[in-house]
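**Student:** I'd like to ask some things about the structure below.
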Amino acid sequence: QAKRTIITPTKIKGDPDLVIEILSESTGQVDRTLKQELYQRSGILEYWIVEPEDHVVEQYVLANERYECAARQATAIAARHIPAASVDLTKVW
């Protein structure tokens with residue numbers, strides 16, 4: 001609830017708790033390197049990388065100022081830092 005104030009009608013002003021990137025052939029390398037490093041330095045608590053080709057979501061969680069891969073899910077995923085935020089991936093693929 002505390003982070004709701006960063007959401008404005010036109011943009012997000014501040015660091016969200018969760019960022020989700022959907023990989024494509026043209027953005028995959030940037031999402032896995034440059035953006036991941038930027039989110040890590042900014043202190044984004046959790047970062048998901050969606051691999052639509054493989055039907056998998058990689059879940060990275062910030063621990064000691066570094067991202068650790070907490071899971072690689074194909075059927076369901078739940079955010080570690082946002083209560084009740086989960087996705088039934090069987091309905092996505």
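Identifiers in the structure tokens: chain A, B, ... in order shown; residue index from 1 per chain; ligand index from 1 in order shown.
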Could you go through stretch 15-72 of chain A and tell me which residues DSSP, when run on the backbone, assigns to helix (DSSP H, G or I), listing them as a list in words?
**Tutor:**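 Listing helix (DSSP H, G or I) positions across stretch 15-72 of chain A yields Gly28, Gln29, Val30, Asp31, Arg32, Thr33, Leu34, Lys35, Gln36, Glu37, Leu38, Tyr39, Gln40, Arg41 and Ser42 of chain A.
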**Student:** When you look at A:Ser24 with a cut-off of 10 Å (counting only C-alpha atoms), what residues show up, excluding the ones that are within fewer than 5 positions of it in the same chain? I need them as a list in words.
**Tutor:**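 Residues near the query, excluding close chain neighbours: Gln29, Asp31, Val50, Glu51, Pro52 and Glu53 of chain A.
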**Student:** A:Arg72, A:Arg41, A:Lys35, A:Lys3: which is nearest A:Val19, counting only C-alpha atoms?
**Tutor:**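 Of all the options, A:Lys35 lies closest to A:Val19.
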**Student:** Could you list, as a VMD selection string, every residue within 9 Å of A:Asp15, counting only C-alpha atoms and ignoring same-chain residues fewer than 4 positions away?
**Tutor:** chain A and resid 3 6 39 42 to 44
**Student:** Output the selection as a CSV table (one decimal), in the first residue's frame - all heavy atoms for each residue.
**Tutor:**
```
chain,number,residue,atom,x,y,z
A,3,LYS,N,3.5,2.0,-1.5
A,3,LYS,CA,4.1,2.4,-2.8
A,3,LYS,C,3.0,2.9,-3.8
A,3,LYS,O,3.3,3.3,-4.9
A,3,LYS,CB,4.8,1.2,-3.4
A,3,LYS,CG,6.0,0.8,-2.8
A,3,LYS,CD,7.2,1.5,-3.3
A,3,LYS,CE,8.5,1.1,-2.7
A,3,LYS,NZ,9.6,1.2,-3.6
A,6,ILE,N,3.4,6.3,-5.7
A,6,ILE,CA,4.3,6.5,-6.8
A,6,ILE,C,3.6,6.4,-8.2
A,6,ILE,O,4.2,6.8,-9.2
A,6,ILE,CB,5.5,5.6,-6.8
A,6,ILE,CG1,5.2,4.1,-7.1
A,6,ILE,CG2,6.3,5.7,-5.4
A,6,ILE,CD1,6.4,3.2,-7.2
A,39,TYR,N,18.1,-2.1,-12.5
A,39,TYR,CA,17.0,-2.4,-11.5
A,39,TYR,C,17.7,-2.8,-10.2
A,39,TYR,O,17.3,-2.4,-9.1
A,39,TYR,CB,16.1,-3.5,-11.9
A,39,TYR,CG,15.3,-3.1,-13.2
A,39,TYR,CD1,14.9,-4.1,-14.1
A,39,TYR,CD2,14.9,-1.8,-13.5
A,39,TYR,CE1,14.2,-3.8,-15.2
A,39,TYR,CE2,14.2,-1.5,-14.6
A,39,TYR,CZ,13.9,-2.5,-15.5
A,39,TYR,OH,13.2,-2.2,-16.6
A,42,SER,N,19.1,0.2,-8.4
A,42,SER,CA,18.0,1.1,-7.9
A,42,SER,C,17.3,0.5,-6.7
A,42,SER,O,16.4,1.1,-6.1
A,42,SER,CB,16.9,1.3,-9.1
A,42,SER,OG,17.5,2.0,-10.1
A,43,GLY,N,17.6,-0.8,-6.4
A,43,GLY,CA,17.0,-1.4,-5.3
A,43,GLY,C,15.6,-2.0,-5.5
A,43,GLY,O,14.8,-2.2,-4.6
A,44,ILE,N,15.3,-2.3,-6.8
A,44,ILE,CA,14.0,-3.0,-7.1
A,44,ILE,C,14.0,-4.3,-6.4
A,44,ILE,O,14.9,-5.1,-6.7
A,44,ILE,CB,13.8,-3.1,-8.6
A,44,ILE,CG1,13.9,-1.8,-9.3
A,44,ILE,CG2,12.4,-3.8,-8.9
A,44,ILE,CD1,12.9,-0.7,-9.0
```
**Student:** Determine which residues of chain A receive a DSSP assignment of strand (DSSP E), computed from the backbone, and state them as a PyMOL selection string.
**Tutor:** chain A and resi 18-22+46-51+56-63+66-73+76-78+86-88
**Student:** Could you tell me which of A:Val56, A:Leu38, A:Leu45, A:Ala63 comes closest to A:Leu23 if we count only C-alpha atoms?
**Tutor:**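 Counting only C-alpha atoms, the residue closest to A:Leu23 is A:Val56.
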**Student:** For the atom pair atom CA of A:Ile7 and atom CA of A:Val61, what is the interatomic distance in Å to one decimal place?
**Tutor:**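 Result for atom CA of A:Ile7 versus atom CA of A:Val61: 22.0 Å, one decimal.
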**Student:** A:Thr33, A:Pro16, A:Lys91, A:Leu62: which is nearest A:Arg4, counting only C-alpha atoms?
**Tutor:** A:Pro16
**Student:** List the neighbours of A:Arg80 out to 10 Å using only C-alpha atoms; skip same-chain residues closer than 4 positions along the sequence, and give me the result as JSON, numbers by chain.
**Tutor:** {"A": [17, 18, 45, 46, 59, 60, 61, 70, 84, 85, 86]}
**Student:** Generate the output file for the selected residues, C-alpha atoms, as a PDB file, in the first residue's frame.
**Tutor:**
```
ATOM      1  CA  ASP A  17       8.780  -3.321  -5.807  1.00  0.00           C
ATOM      2  CA  LEU A  18       8.436  -5.508  -8.925  1.00  0.00           C
ATOM      3  CA  LEU A  45      13.100  -5.842  -4.769  1.00  0.00           C
ATOM      4  CA  GLU A  46      12.032  -8.279  -7.453  1.00  0.00           C
ATOM      5  CA  GLN A  59      12.120 -14.774 -10.749  1.00  0.00           C
ATOM      6  CA  TYR A  60      15.006 -12.718  -9.391  1.00  0.00           C
ATOM      7  CA  VAL A  61      14.932 -11.438  -5.811  1.00  0.00           C
ATOM      8  CA  ALA A  70      14.844 -17.588  -6.787  1.00  0.00           C
ATOM      9  CA  ALA A  84      -1.497 -11.870  -2.983  1.00  0.00           C
ATOM     10  CA  ALA A  85       0.290 -11.042  -6.266  1.00  0.00           C
ATOM     11  CA  SER A  86       0.471 -14.246  -8.237  1.00  0.00           C
TER      12      SER A  86
END
```
**Student:** Excluding A:Trp93 and its own-chain neighbours fewer than 3 positions away, which residues fall within 8 Å of it when counting only C-alpha atoms? Please give them as a PyMOL selection string.
**Tutor:** chain A and resi 52+55+89-90
**Student:** Write out the residues from the selection above, keeping N, CA and C atoms, as a CSV table (one decimal), in the first residue's frame.
**Tutor:**
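Final file, result_26.csv:
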```csv
chain,number,residue,atom,x,y,z
A,52,PRO,N,8.6,-15.9,-23.4
A,52,PRO,CA,7.4,-16.4,-24.1
A,52,PRO,C,7.7,-17.6,-25.0
A,55,HIS,N,8.0,-20.5,-22.5
A,55,HIS,CA,6.8,-20.5,-21.5
A,55,HIS,C,7.3,-20.7,-20.1
A,89,LEU,N,0.3,-19.3,-14.6
A,89,LEU,CA,0.9,-19.2,-15.9
A,89,LEU,C,0.3,-20.2,-16.9
A,90,THR,N,-0.4,-21.2,-16.4
A,90,THR,CA,-1.1,-22.1,-17.4
A,90,THR,C,-2.2,-21.3,-18.1
```
**Student:** I need the residue nearest A:Gly28 from this list: A:Cys69, A:Ala79, A:Ile12, A:Ile49. Use only C-alpha atoms for the distance.
**Tutor:**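 With only C-alpha atoms as the atom set, the closest residue is A:Ile49.
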**Student:** Return the single residue from A:Ile77, A:Asp88, A:Ile82, A:Tyr67 that is closest to A:Gln40, with distances computed using only C-alpha atoms.
**Tutor:** A:Tyr67
**Student:** Can you tell me how far atom CA of A:Glu65 sits from atom CA of A:Glu25, in Å to one decimal?
**Tutor:**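 Spanning atom CA of A:Glu65 to atom CA of A:Glu25 is a straight-line distance of 28.4 Å.
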